[in-house]
file start-v4.pdb (PDB, N, CA and C atoms, pLDDT in the B column)
ATOM      1  N   GLY A   9      19.024 -31.238 -16.010  1.00 47.00           N
ATOM      2  CA  GLY A   9      17.789 -31.276 -15.270  1.00 47.00           C
ATOM      3  C   GLY A   9      17.449 -29.930 -14.681  1.00 47.00           C
ATOM      4  N   GLY A  10      16.482 -29.884 -13.834  1.00 49.00           N
ATOM      5  CA  GLY A  10      16.051 -28.643 -13.197  1.00 49.00           C
ATOM      6  C   GLY A  10      14.826 -28.069 -13.886  1.00 49.00           C
ATOM      7  N   THR A  11      14.255 -27.113 -13.237  1.00 49.00           N
ATOM      8  CA  THR A  11      13.069 -26.487 -13.782  1.00 49.00           C
ATOM      9  C   THR A  11      13.445 -25.316 -14.670  1.00 49.00           C
ATOM     10  N   PRO A  12      12.698 -25.096 -15.756  1.00 51.00           N
ATOM     11  CA  PRO A  12      12.987 -23.932 -16.591  1.00 51.00           C
ATOM     12  C   PRO A  12      12.712 -22.660 -15.806  1.00 51.00           C
ATOM     13  N   ARG A  13      13.533 -21.649 -16.030  1.00 53.00           N
ATOM     14  CA  ARG A  13      13.372 -20.401 -15.290  1.00 53.00           C
ATOM     15  C   ARG A  13      12.565 -19.417 -16.124  1.00 53.00           C
ATOM     16  N   MET A  14      11.620 -18.738 -15.449  1.00 50.00           N
ATOM     17  CA  MET A  14      10.846 -17.703 -16.130  1.00 50.00           C
ATOM     18  C   MET A  14      11.638 -16.412 -16.118  1.00 50.00           C
ATOM     19  N   LYS A  15      11.533 -15.659 -17.206  1.00 51.00           N
ATOM     20  CA  LYS A  15      12.187 -14.357 -17.258  1.00 51.00           C
ATOM     21  C   LYS A  15      11.425 -13.416 -16.327  1.00 51.00           C
ATOM     22  N   ARG A  16      12.170 -12.714 -15.479  1.00 49.00           N
ATOM     23  CA  ARG A  16      11.524 -11.765 -14.568  1.00 49.00           C
ATOM     24  C   ARG A  16      11.151 -10.509 -15.343  1.00 49.00           C
ATOM     25  N   LEU A  17       9.927 -10.026 -15.153  1.00 52.00           N
ATOM     26  CA  LEU A  17       9.474  -8.822 -15.827  1.00 52.00           C
ATOM     27  C   LEU A  17       9.724  -7.582 -14.985  1.00 52.00           C
ATOM     28  N   ALA A  18       9.971  -7.782 -13.715  1.00 56.00           N
ATOM     29  CA  ALA A  18      10.227  -6.663 -12.816  1.00 56.00           C
ATOM     30  C   ALA A  18      11.481  -6.969 -12.018  1.00 56.00           C
ATOM     31  N   PRO A  19      12.279  -5.941 -11.732  1.00 62.00           N
ATOM     32  CA  PRO A  19      13.466  -6.175 -10.907  1.00 62.00           C
ATOM     33  C   PRO A  19      13.070  -6.695  -9.529  1.00 62.00           C
ATOM     34  N   ARG A  20      13.925  -7.516  -8.952  1.00 64.00           N
ATOM     35  CA  ARG A  20      13.648  -8.091  -7.635  1.00 64.00           C
ATOM     36  C   ARG A  20      13.398  -6.989  -6.608  1.00 64.00           C
ATOM     37  N   SER A  21      14.111  -5.851  -6.716  1.00 72.00           N
ATOM     38  CA  SER A  21      13.916  -4.760  -5.749  1.00 72.00           C
ATOM     39  C   SER A  21      12.485  -4.215  -5.823  1.00 72.00           C
ATOM     40  N   THR A  22      11.927  -4.153  -7.030  1.00 70.00           N
ATOM     41  CA  THR A  22      10.541  -3.695  -7.185  1.00 70.00           C
ATOM     42  C   THR A  22       9.584  -4.668  -6.519  1.00 70.00           C
ATOM     43  N   LEU A  23       9.819  -5.959  -6.728  1.00 65.00           N
ATOM     44  CA  LEU A  23       8.960  -6.958  -6.104  1.00 65.00           C
ATOM     45  C   LEU A  23       9.076  -6.902  -4.583  1.00 65.00           C
ATOM     46  N   ARG A  24      10.292  -6.666  -4.081  1.00 71.00           N
ATOM     47  CA  ARG A  24      10.475  -6.533  -2.630  1.00 71.00           C
ATOM     48  C   ARG A  24       9.645  -5.369  -2.081  1.00 71.00           C
ATOM     49  N   LYS A  25       9.654  -4.252  -2.788  1.00 75.00           N
ATOM     50  CA  LYS A  25       8.889  -3.074  -2.343  1.00 75.00           C
ATOM     51  C   LYS A  25       7.392  -3.376  -2.333  1.00 75.00           C
ATOM     52  N   ILE A  26       6.928  -4.078  -3.375  1.00 71.00           N
ATOM     53  CA  ILE A  26       5.503  -4.428  -3.446  1.00 71.00           C
ATOM     54  C   ILE A  26       5.132  -5.349  -2.291  1.00 71.00           C
ATOM     55  N   ILE A  27       5.973  -6.351  -2.059  1.00 70.00           N
ATOM     56  CA  ILE A  27       5.704  -7.295  -0.969  1.00 70.00           C
ATOM     57  C   ILE A  27       5.698  -6.563   0.371  1.00 70.00           C
ATOM     58  N   LYS A  28       6.682  -5.708   0.575  1.00 75.00           N
ATOM     59  CA  LYS A  28       6.781  -4.988   1.854  1.00 75.00           C
ATOM     60  C   LYS A  28       5.564  -4.093   2.081  1.00 75.00           C
ATOM     61  N   LYS A  29       5.059  -3.478   0.997  1.00 77.00           N
ATOM     62  CA  LYS A  29       3.908  -2.589   1.121  1.00 77.00           C
ATOM     63  C   LYS A  29       2.629  -3.362   1.450  1.00 77.00           C
ATOM     64  N   HIS A  30       2.405  -4.476   0.743  1.00 71.00           N
ATOM     65  CA  HIS A  30       1.150  -5.200   0.887  1.00 71.00           C
ATOM     66  C   HIS A  30       1.190  -6.320   1.922  1.00 71.00           C
ATOM     67  N   LYS A  31       2.362  -6.889   2.138  1.00 70.00           N
ATOM     68  CA  LYS A  31       2.505  -7.987   3.099  1.00 70.00           C
ATOM     69  C   LYS A  31       3.770  -7.764   3.919  1.00 70.00           C
ATOM     70  N   PRO A  32       3.775  -6.774   4.822  1.00 72.00           N
ATOM     71  CA  PRO A  32       4.995  -6.451   5.569  1.00 72.00           C
ATOM     72  C   PRO A  32       5.511  -7.590   6.440  1.00 72.00           C
ATOM     73  N   GLU A  33       4.645  -8.562   6.740  1.00 69.00           N
ATOM     74  CA  GLU A  33       5.078  -9.672   7.590  1.00 69.00           C
ATOM     75  C   GLU A  33       5.902 -10.711   6.821  1.00 69.00           C
ATOM     76  N   LEU A  34       5.906 -10.630   5.498  1.00 64.00           N
ATOM     77  CA  LEU A  34       6.671 -11.590   4.695  1.00 64.00           C
ATOM     78  C   LEU A  34       8.089 -11.094   4.470  1.00 64.00           C
ATOM     79  N   ARG A  35       9.018 -12.019   4.381  1.00 65.00           N
ATOM     80  CA  ARG A  35      10.415 -11.689   4.098  1.00 65.00           C
ATOM     81  C   ARG A  35      10.848 -12.487   2.886  1.00 65.00           C
ATOM     82  N   LEU A  36      11.627 -11.871   2.014  1.00 61.00           N
ATOM     83  CA  LEU A  36      12.105 -12.516   0.799  1.00 61.00           C
ATOM     84  C   LEU A  36      13.619 -12.623   0.871  1.00 61.00           C
ATOM     85  N   ALA A  37      14.133 -13.845   0.887  1.00 61.00           N
ATOM     86  CA  ALA A  37      15.581 -14.047   0.948  1.00 61.00           C
ATOM     87  C   ALA A  37      16.224 -13.514  -0.329  1.00 61.00           C
ATOM     88  N   ALA A  38      17.497 -13.145  -0.233  1.00 60.00           N
ATOM     89  CA  ALA A  38      18.211 -12.552  -1.365  1.00 60.00           C
ATOM     90  C   ALA A  38      18.215 -13.460  -2.590  1.00 60.00           C
ATOM     91  N   ASN A  39      18.298 -14.767  -2.359  1.00 56.00           N
ATOM     92  CA  ASN A  39      18.354 -15.690  -3.490  1.00 56.00           C
ATOM     93  C   ASN A  39      17.048 -16.468  -3.667  1.00 56.00           C
ATOM     94  N   ALA A  40      15.966 -15.981  -3.108  1.00 56.00           N
ATOM     95  CA  ALA A  40      14.691 -16.695  -3.149  1.00 56.00           C
ATOM     96  C   ALA A  40      14.119 -16.705  -4.557  1.00 56.00           C
ATOM     97  N   ASP A  41      13.555 -17.851  -4.926  1.00 54.00           N
ATOM     98  CA  ASP A  41      12.814 -17.933  -6.173  1.00 54.00           C
ATOM     99  C   ASP A  41      11.479 -17.247  -5.915  1.00 54.00           C
ATOM    100  N   LEU A  42      10.994 -16.504  -6.856  1.00 59.00           N
ATOM    101  CA  LEU A  42       9.769 -15.747  -6.643  1.00 59.00           C
ATOM    102  C   LEU A  42       8.546 -16.630  -6.902  1.00 59.00           C
ATOM    103  N   LEU A  43       8.403 -17.621  -6.047  1.00 59.00           N
ATOM    104  CA  LEU A  43       7.270 -18.529  -6.118  1.00 59.00           C
ATOM    105  C   LEU A  43       6.468 -18.413  -4.832  1.00 59.00           C
ATOM    106  N   VAL A  44       5.186 -18.594  -4.942  1.00 61.00           N
ATOM    107  CA  VAL A  44       4.292 -18.525  -3.789  1.00 61.00           C
ATOM    108  C   VAL A  44       3.503 -19.829  -3.767  1.00 61.00           C
ATOM    109  N   ARG A  45       3.303 -20.389  -2.590  1.00 65.00           N
ATOM    110  CA  ARG A  45       2.483 -21.597  -2.488  1.00 65.00           C
ATOM    111  C   ARG A  45       1.024 -21.174  -2.397  1.00 65.00           C
ATOM    112  N   MET A  46       0.227 -21.758  -3.264  1.00 62.00           N
ATOM    113  CA  MET A  46      -1.188 -21.413  -3.298  1.00 62.00           C
ATOM    114  C   MET A  46      -1.971 -22.708  -3.452  1.00 62.00           C
ATOM    115  N   ARG A  47      -2.711 -23.074  -2.427  1.00 67.00           N
ATOM    116  CA  ARG A  47      -3.487 -24.318  -2.427  1.00 67.00           C
ATOM    117  C   ARG A  47      -2.625 -25.521  -2.789  1.00 67.00           C
ATOM    118  N   GLY A  48      -1.425 -25.560  -2.207  1.00 66.00           N
ATOM    119  CA  GLY A  48      -0.549 -26.698  -2.394  1.00 66.00           C
ATOM    120  C   GLY A  48       0.255 -26.687  -3.684  1.00 66.00           C
ATOM    121  N   ARG A  49       0.106 -25.660  -4.508  1.00 69.00           N
ATOM    122  CA  ARG A  49       0.843 -25.584  -5.769  1.00 69.00           C
ATOM    123  C   ARG A  49       1.685 -24.322  -5.784  1.00 69.00           C
ATOM    124  N   GLN A  50       2.777 -24.395  -6.508  1.00 64.00           N
ATOM    125  CA  GLN A  50       3.624 -23.213  -6.620  1.00 64.00           C
ATOM    126  C   GLN A  50       3.139 -22.344  -7.774  1.00 64.00           C
ATOM    127  N   VAL A  51       3.033 -21.051  -7.516  1.00 66.00           N
ATOM    128  CA  VAL A  51       2.581 -20.096  -8.514  1.00 66.00           C
ATOM    129  C   VAL A  51       3.592 -18.957  -8.525  1.00 66.00           C
ATOM    130  N   HIS A  52       4.006 -18.531  -9.703  1.00 70.00           N
ATOM    131  CA  HIS A  52       4.954 -17.427  -9.778  1.00 70.00           C
ATOM    132  C   HIS A  52       4.297 -16.143  -9.284  1.00 70.00           C
ATOM    133  N   LEU A  53       5.027 -15.426  -8.452  1.00 72.00           N
ATOM    134  CA  LEU A  53       4.519 -14.176  -7.873  1.00 72.00           C
ATOM    135  C   LEU A  53       4.116 -13.197  -8.968  1.00 72.00           C
ATOM    136  N   SER A  54       4.869 -13.140 -10.047  1.00 72.00           N
ATOM    137  CA  SER A  54       4.541 -12.210 -11.133  1.00 72.00           C
ATOM    138  C   SER A  54       3.157 -12.507 -11.702  1.00 72.00           C
ATOM    139  N   PHE A  55       2.781 -13.798 -11.758  1.00 76.00           N
ATOM    140  CA  PHE A  55       1.451 -14.163 -12.254  1.00 76.00           C
ATOM    141  C   PHE A  55       0.370 -13.670 -11.296  1.00 76.00           C
ATOM    142  N   LEU A  56       0.606 -13.838  -9.992  1.00 78.00           N
ATOM    143  CA  LEU A  56      -0.371 -13.364  -9.002  1.00 78.00           C
ATOM    144  C   LEU A  56      -0.519 -11.848  -9.063  1.00 78.00           C
ATOM    145  N   LEU A  57       0.601 -11.152  -9.261  1.00 82.00           N
ATOM    146  CA  LEU A  57       0.541  -9.692  -9.372  1.00 82.00           C
ATOM    147  C   LEU A  57      -0.213  -9.273 -10.629  1.00 82.00           C
ATOM    148  N   PHE A  58      -0.005 -10.023 -11.714  1.00 84.00           N
ATOM    149  CA  PHE A  58      -0.747  -9.749 -12.954  1.00 84.00           C
ATOM    150  C   PHE A  58      -2.246  -9.921 -12.724  1.00 84.00           C
ATOM    151  N   LEU A  59      -2.636 -11.019 -12.074  1.00 85.00           N
ATOM    152  CA  LEU A  59      -4.061 -11.256 -11.813  1.00 85.00           C
ATOM    153  C   LEU A  59      -4.662 -10.150 -10.950  1.00 85.00           C
ATOM    154  N   HIS A  60      -3.895  -9.704  -9.960  1.00 87.00           N
ATOM    155  CA  HIS A  60      -4.375  -8.621  -9.092  1.00 87.00           C
ATOM    156  C   HIS A  60      -4.590  -7.346  -9.902  1.00 87.00           C
ATOM    157  N   ARG A  61      -3.621  -7.029 -10.757  1.00 89.00           N
ATOM    158  CA  ARG A  61      -3.746  -5.819 -11.578  1.00 89.00           C
ATOM    159  C   ARG A  61      -4.908  -5.940 -12.558  1.00 89.00           C
ATOM    160  N   LEU A  62      -5.069  -7.107 -13.159  1.00 90.00           N
ATOM    161  CA  LEU A  62      -6.177  -7.329 -14.080  1.00 90.00           C
ATOM    162  C   LEU A  62      -7.513  -7.140 -13.367  1.00 90.00           C
ATOM    163  N   ALA A  63      -7.632  -7.665 -12.161  1.00 91.00           N
ATOM    164  CA  ALA A  63      -8.870  -7.523 -11.388  1.00 91.00           C
ATOM    165  C   ALA A  63      -9.150  -6.062 -11.057  1.00 91.00           C
ATOM    166  N   GLU A  64      -8.104  -5.333 -10.668  1.00 92.00           N
ATOM    167  CA  GLU A  64      -8.285  -3.906 -10.345  1.00 92.00           C
ATOM    168  C   GLU A  64      -8.724  -3.117 -11.580  1.00 92.00           C
ATOM    169  N   GLU A  65      -8.092  -3.383 -12.714  1.00 92.00           N
ATOM    170  CA  GLU A  65      -8.453  -2.679 -13.955  1.00 92.00           C
ATOM    171  C   GLU A  65      -9.869  -3.040 -14.385  1.00 92.00           C
ATOM    172  N   ALA A  66     -10.242  -4.312 -14.260  1.00 93.00           N
ATOM    173  CA  ALA A  66     -11.596  -4.739 -14.622  1.00 93.00           C
ATOM    174  C   ALA A  66     -12.631  -4.075 -13.725  1.00 93.00           C
ATOM    175  N   ARG A  67     -12.298  -3.949 -12.444  1.00 93.00           N
ATOM    176  CA  ARG A  67     -13.204  -3.269 -11.509  1.00 93.00           C
ATOM    177  C   ARG A  67     -13.403  -1.804 -11.913  1.00 93.00           C
ATOM    178  N   THR A  68     -12.309  -1.171 -12.337  1.00 95.00           N
ATOM    179  CA  THR A  68     -12.382   0.219 -12.790  1.00 95.00           C
ATOM    180  C   THR A  68     -13.261   0.330 -14.027  1.00 95.00           C
ATOM    181  N   LYS A  69     -13.082  -0.593 -14.972  1.00 95.00           N
ATOM    182  CA  LYS A  69     -13.900  -0.586 -16.201  1.00 95.00           C
ATOM    183  C   LYS A  69     -15.381  -0.770 -15.857  1.00 95.00           C
ATOM    184  N   ALA A  70     -15.678  -1.674 -14.931  1.00 94.00           N
ATOM    185  CA  ALA A  70     -17.066  -1.887 -14.522  1.00 94.00           C
ATOM    186  C   ALA A  70     -17.641  -0.617 -13.895  1.00 94.00           C
ATOM    187  N   PHE A  71     -16.855   0.035 -13.056  1.00 96.00           N
ATOM    188  CA  PHE A  71     -17.294   1.275 -12.409  1.00 96.00           C
ATOM    189  C   PHE A  71     -17.560   2.359 -13.455  1.00 96.00           C
ATOM    190  N   GLU A  72     -16.653   2.465 -14.432  1.00 96.00           N
ATOM    191  CA  GLU A  72     -16.831   3.459 -15.501  1.00 96.00           C
ATOM    192  C   GLU A  72     -18.120   3.217 -16.277  1.00 96.00           C
ATOM    193  N   ASN A  73     -18.518   1.949 -16.401  1.00 96.00           N
ATOM    194  CA  ASN A  73     -19.750   1.599 -17.113  1.00 96.00           C
ATOM    195  C   ASN A  73     -20.961   1.535 -16.191  1.00 96.00           C
ATOM    196  N   ARG A  74     -20.771   2.015 -14.972  1.00 97.00           N
ATOM    197  CA  ARG A  74     -21.834   2.030 -13.956  1.00 97.00           C
ATOM    198  C   ARG A  74     -22.422   0.641 -13.725  1.00 97.00           C
ATOM    199  N   SER A  75     -21.555  -0.352 -13.728  1.00 95.00           N
ATOM    200  CA  SER A  75     -21.978  -1.726 -13.491  1.00 95.00           C
ATOM    201  C   SER A  75     -21.485  -2.160 -12.113  1.00 95.00           C
ATOM    202  N   LYS A  76     -22.351  -2.827 -11.373  1.00 93.00           N
ATOM    203  CA  LYS A  76     -21.961  -3.339 -10.062  1.00 93.00           C
ATOM    204  C   LYS A  76     -21.305  -4.706 -10.169  1.00 93.00           C
ATOM    205  N   ILE A  77     -21.355  -5.279 -11.374  1.00 93.00           N
ATOM    206  CA  ILE A  77     -20.790  -6.615 -11.610  1.00 93.00           C
ATOM    207  C   ILE A  77     -19.684  -6.502 -12.651  1.00 93.00           C
ATOM    208  N   ILE A  78     -18.562  -7.169 -12.387  1.00 92.00           N
ATOM    209  CA  ILE A  78     -17.485  -7.223 -13.374  1.00 92.00           C
ATOM    210  C   ILE A  78     -17.865  -8.290 -14.392  1.00 92.00           C
ATOM    211  N   LYS A  79     -18.028  -7.863 -15.631  1.00 93.00           N
ATOM    212  CA  LYS A  79     -18.461  -8.762 -16.710  1.00 93.00           C
ATOM    213  C   LYS A  79     -17.265  -9.116 -17.586  1.00 93.00           C
ATOM    214  N   PRO A  80     -17.412 -10.165 -18.402  1.00 91.00           N
ATOM    215  CA  PRO A  80     -16.297 -10.554 -19.284  1.00 91.00           C
ATOM    216  C   PRO A  80     -15.761  -9.405 -20.136  1.00 91.00           C
ATOM    217  N   GLU A  81     -16.641  -8.544 -20.619  1.00 93.00           N
ATOM    218  CA  GLU A  81     -16.180  -7.420 -21.455  1.00 93.00           C
ATOM    219  C   GLU A  81     -15.304  -6.442 -20.667  1.00 93.00           C
ATOM    220  N   HIS A  82     -15.528  -6.325 -19.359  1.00 93.00           N
ATOM    221  CA  HIS A  82     -14.687  -5.462 -18.522  1.00 93.00           C
ATOM    222  C   HIS A  82     -13.284  -6.057 -18.404  1.00 93.00           C
ATOM    223  N   ILE A  83     -13.220  -7.382 -18.272  1.00 90.00           N
ATOM    224  CA  ILE A  83     -11.926  -8.053 -18.160  1.00 90.00           C
ATOM    225  C   ILE A  83     -11.152  -7.940 -19.474  1.00 90.00           C
ATOM    226  N   ILE A  84     -11.851  -8.118 -20.595  1.00 91.00           N
ATOM    227  CA  ILE A  84     -11.212  -8.017 -21.901  1.00 91.00           C
ATOM    228  C   ILE A  84     -10.681  -6.598 -22.122  1.00 91.00           C
ATOM    229  N   ALA A  85     -11.496  -5.598 -21.778  1.00 92.00           N
ATOM    230  CA  ALA A  85     -11.064  -4.200 -21.919  1.00 92.00           C
ATOM    231  C   ALA A  85      -9.859  -3.918 -21.013  1.00 92.00           C
ATOM    232  N   ALA A  86      -9.868  -4.464 -19.804  1.00 91.00           N
ATOM    233  CA  ALA A  86      -8.765  -4.264 -18.869  1.00 91.00           C
ATOM    234  C   ALA A  86      -7.491  -4.909 -19.397  1.00 91.00           C
ATOM    235  N   ALA A  87      -7.616  -6.090 -19.986  1.00 90.00           N
ATOM    236  CA  ALA A  87      -6.454  -6.806 -20.516  1.00 90.00           C
ATOM    237  C   ALA A  87      -5.774  -6.021 -21.639  1.00 90.00           C
ATOM    238  N   LYS A  88      -6.533  -5.204 -22.337  1.00 90.00           N
ATOM    239  CA  LYS A  88      -5.954  -4.424 -23.445  1.00 90.00           C
ATOM    240  C   LYS A  88      -5.113  -3.256 -22.964  1.00 90.00           C
ATOM    241  N   VAL A  89      -5.308  -2.826 -21.720  1.00 88.00           N
ATOM    242  CA  VAL A  89      -4.559  -1.660 -21.227  1.00 88.00           C
ATOM    243  C   VAL A  89      -3.414  -2.020 -20.302  1.00 88.00           C
ATOM    244  N   ILE A  90      -3.321  -3.296 -19.899  1.00 83.00           N
ATOM    245  CA  ILE A  90      -2.190  -3.664 -19.035  1.00 83.00           C
ATOM    246  C   ILE A  90      -1.138  -4.446 -19.787  1.00 83.00           C
TER
END
call {"tool": "encode", "arguments": {"input": "start-v4.pdb", "output": "structure tokens"}}
result
Amino acid sequence: GGTPRMKRLAPRSTLRKIIKKHKPELRLAANADLLVRMRGRQVHLSFLLFLHRLAEEARTKAFENRSKIIKPEHIIAAAKVI
């Protein structure tokens, strides 16, 4: 039994540094599963970090195209570089 484990794409120390930089009030136990509660559901932190990076890259693509709105093509272009 038990839940299947996702392969970590980043070392735990890297995730700790990211958390400390962006959310200094949060603490991560040494053996903590890297899950975050979001609207009552558990979401892997790596997925949230991916979404954040995708949004930042899409915003950059929109800016490069002099667009004030992030369009689907900006997201697709961003996904190709991350």
call {"tool": "residues_around", "arguments": {"input": "start-v4.pdb", "residues": "stretch 72-89 of chain A", "least_positions_apart": "3", "cutoff": "8 Å", "atoms": "all atoms listed in the file", "output": "ChimeraX atom specification"}}
result
/A:61-69
call {"tool": "atom_distance", "arguments": {"input": "start-v4.pdb", "atom1": "atom CA of A:Phe58", "atom2": "atom CA of A:Ile90"}}
result
8.7 Å
call {"tool": "atom_distance", "arguments": {"input": "start-v4.pdb", "atom1": "atom C of A:Ala70", "atom2": "atom C of A:Lys31"}}
result
28.8 Å
call {"tool": "atom_distance", "arguments": {"input": "start-v4.pdb", "atom1": "atom N of A:Phe55", "atom2": "atom C of A:Pro32"}}
result
19.4 Å
call {"tool": "decode", "arguments": {"input": "start-v4.pdb", "residues": "stretch 63-72 of chain A", "atoms": "all heavy atoms", "output": "PDB file, in the first residue's frame"}}
result
ATOM      1  N   ALA A  63       4.682  30.679 -15.819  1.00  0.00           N
ATOM      2  CA  ALA A  63       4.016  31.986 -15.836  1.00  0.00           C
ATOM      3  C   ALA A  63       5.019  33.114 -16.047  1.00  0.00           C
ATOM      4  O   ALA A  63       4.763  34.047 -16.814  1.00  0.00           O
ATOM      5  CB  ALA A  63       3.247  32.195 -14.535  1.00  0.00           C
ATOM      6  N   GLU A  64       6.163  33.024 -15.368  1.00  0.00           N
ATOM      7  CA  GLU A  64       7.194  34.065 -15.527  1.00  0.00           C
ATOM      8  C   GLU A  64       7.728  34.090 -16.960  1.00  0.00           C
ATOM      9  O   GLU A  64       7.902  35.163 -17.544  1.00  0.00           O
ATOM     10  CB  GLU A  64       8.343  33.826 -14.546  1.00  0.00           C
ATOM     11  CG  GLU A  64       7.977  34.125 -13.103  1.00  0.00           C
ATOM     12  CD  GLU A  64       7.699  35.598 -12.864  1.00  0.00           C
ATOM     13  OE1 GLU A  64       8.420  36.446 -13.414  1.00  0.00           O
ATOM     14  OE2 GLU A  64       6.748  35.895 -12.134  1.00  0.00           O
ATOM     15  N   GLU A  65       7.992  32.918 -17.520  1.00  0.00           N
ATOM     16  CA  GLU A  65       8.501  32.844 -18.899  1.00  0.00           C
ATOM     17  C   GLU A  65       7.455  33.347 -19.886  1.00  0.00           C
ATOM     18  O   GLU A  65       7.784  34.043 -20.848  1.00  0.00           O
ATOM     19  CB  GLU A  65       8.909  31.411 -19.251  1.00  0.00           C
ATOM     20  CG  GLU A  65      10.148  30.923 -18.541  1.00  0.00           C
ATOM     21  CD  GLU A  65      11.425  31.592 -19.028  1.00  0.00           C
ATOM     22  OE1 GLU A  65      11.462  32.109 -20.164  1.00  0.00           O
ATOM     23  OE2 GLU A  65      12.401  31.601 -18.259  1.00  0.00           O
ATOM     24  N   ALA A  66       6.189  32.994 -19.671  1.00  0.00           N
ATOM     25  CA  ALA A  66       5.117  33.458 -20.554  1.00  0.00           C
ATOM     26  C   ALA A  66       4.980  34.973 -20.488  1.00  0.00           C
ATOM     27  O   ALA A  66       4.756  35.637 -21.508  1.00  0.00           O
ATOM     28  CB  ALA A  66       3.802  32.778 -20.189  1.00  0.00           C
ATOM     29  N   ARG A  67       5.130  35.521 -19.286  1.00  0.00           N
ATOM     30  CA  ARG A  67       5.073  36.980 -19.127  1.00  0.00           C
ATOM     31  C   ARG A  67       6.206  37.655 -19.909  1.00  0.00           C
ATOM     32  O   ARG A  67       6.014  38.664 -20.577  1.00  0.00           O
ATOM     33  CB  ARG A  67       5.163  37.350 -17.644  1.00  0.00           C
ATOM     34  CG  ARG A  67       5.007  38.833 -17.371  1.00  0.00           C
ATOM     35  CD  ARG A  67       5.028  39.113 -15.876  1.00  0.00           C
ATOM     36  NE  ARG A  67       6.282  38.756 -15.250  1.00  0.00           N
ATOM     37  CZ  ARG A  67       7.362  39.547 -15.202  1.00  0.00           C
ATOM     38  NH1 ARG A  67       7.324  40.737 -15.730  1.00  0.00           N
ATOM     39  NH2 ARG A  67       8.460  39.137 -14.593  1.00  0.00           N
ATOM     40  N   THR A  68       7.386  37.040 -19.857  1.00  0.00           N
ATOM     41  CA  THR A  68       8.535  37.567 -20.599  1.00  0.00           C
ATOM     42  C   THR A  68       8.266  37.524 -22.096  1.00  0.00           C
ATOM     43  O   THR A  68       8.563  38.485 -22.817  1.00  0.00           O
ATOM     44  CB  THR A  68       9.805  36.769 -20.251  1.00  0.00           C
ATOM     45  OG1 THR A  68      10.051  36.890 -18.851  1.00  0.00           O
ATOM     46  CG2 THR A  68      11.005  37.258 -21.025  1.00  0.00           C
ATOM     47  N   LYS A  69       7.714  36.408 -22.572  1.00  0.00           N
ATOM     48  CA  LYS A  69       7.395  36.276 -24.007  1.00  0.00           C
ATOM     49  C   LYS A  69       6.372  37.336 -24.426  1.00  0.00           C
ATOM     50  O   LYS A  69       6.501  37.938 -25.493  1.00  0.00           O
ATOM     51  CB  LYS A  69       6.858  34.887 -24.332  1.00  0.00           C
ATOM     52  CG  LYS A  69       7.855  33.777 -24.124  1.00  0.00           C
ATOM     53  CD  LYS A  69       8.972  33.854 -25.136  1.00  0.00           C
ATOM     54  CE  LYS A  69       9.954  32.718 -24.934  1.00  0.00           C
ATOM     55  NZ  LYS A  69      11.161  32.870 -25.730  1.00  0.00           N
ATOM     56  N   ALA A  70       5.363  37.563 -23.594  1.00  0.00           N
ATOM     57  CA  ALA A  70       4.361  38.584 -23.905  1.00  0.00           C
ATOM     58  C   ALA A  70       5.009  39.966 -23.974  1.00  0.00           C
ATOM     59  O   ALA A  70       4.736  40.745 -24.896  1.00  0.00           O
ATOM     60  CB  ALA A  70       3.242  38.571 -22.863  1.00  0.00           C
ATOM     61  N   PHE A  71       5.894  40.251 -23.034  1.00  0.00           N
ATOM     62  CA  PHE A  71       6.591  41.541 -23.012  1.00  0.00           C
ATOM     63  C   PHE A  71       7.444  41.710 -24.269  1.00  0.00           C
ATOM     64  O   PHE A  71       7.457  42.772 -24.880  1.00  0.00           O
ATOM     65  CB  PHE A  71       7.467  41.629 -21.751  1.00  0.00           C
ATOM     66  CG  PHE A  71       8.221  42.921 -21.631  1.00  0.00           C
ATOM     67  CD1 PHE A  71       7.578  44.072 -21.209  1.00  0.00           C
ATOM     68  CD2 PHE A  71       9.566  42.980 -21.954  1.00  0.00           C
ATOM     69  CE1 PHE A  71       8.280  45.277 -21.104  1.00  0.00           C
ATOM     70  CE2 PHE A  71      10.269  44.171 -21.854  1.00  0.00           C
ATOM     71  CZ  PHE A  71       9.628  45.328 -21.428  1.00  0.00           C
ATOM     72  N   GLU A  72       8.149  40.639 -24.648  1.00  0.00           N
ATOM     73  CA  GLU A  72       8.981  40.691 -25.859  1.00  0.00           C
ATOM     74  C   GLU A  72       8.142  40.984 -27.098  1.00  0.00           C
ATOM     75  O   GLU A  72       8.618  41.617 -28.039  1.00  0.00           O
ATOM     76  CB  GLU A  72       9.732  39.370 -26.048  1.00  0.00           C
ATOM     77  CG  GLU A  72      10.840  39.153 -25.049  1.00  0.00           C
ATOM     78  CD  GLU A  72      11.427  37.741 -25.114  1.00  0.00           C
ATOM     79  OE1 GLU A  72      10.931  36.905 -25.906  1.00  0.00           O
ATOM     80  OE2 GLU A  72      12.379  37.481 -24.354  1.00  0.00           O
TER      81      GLU A  72
END
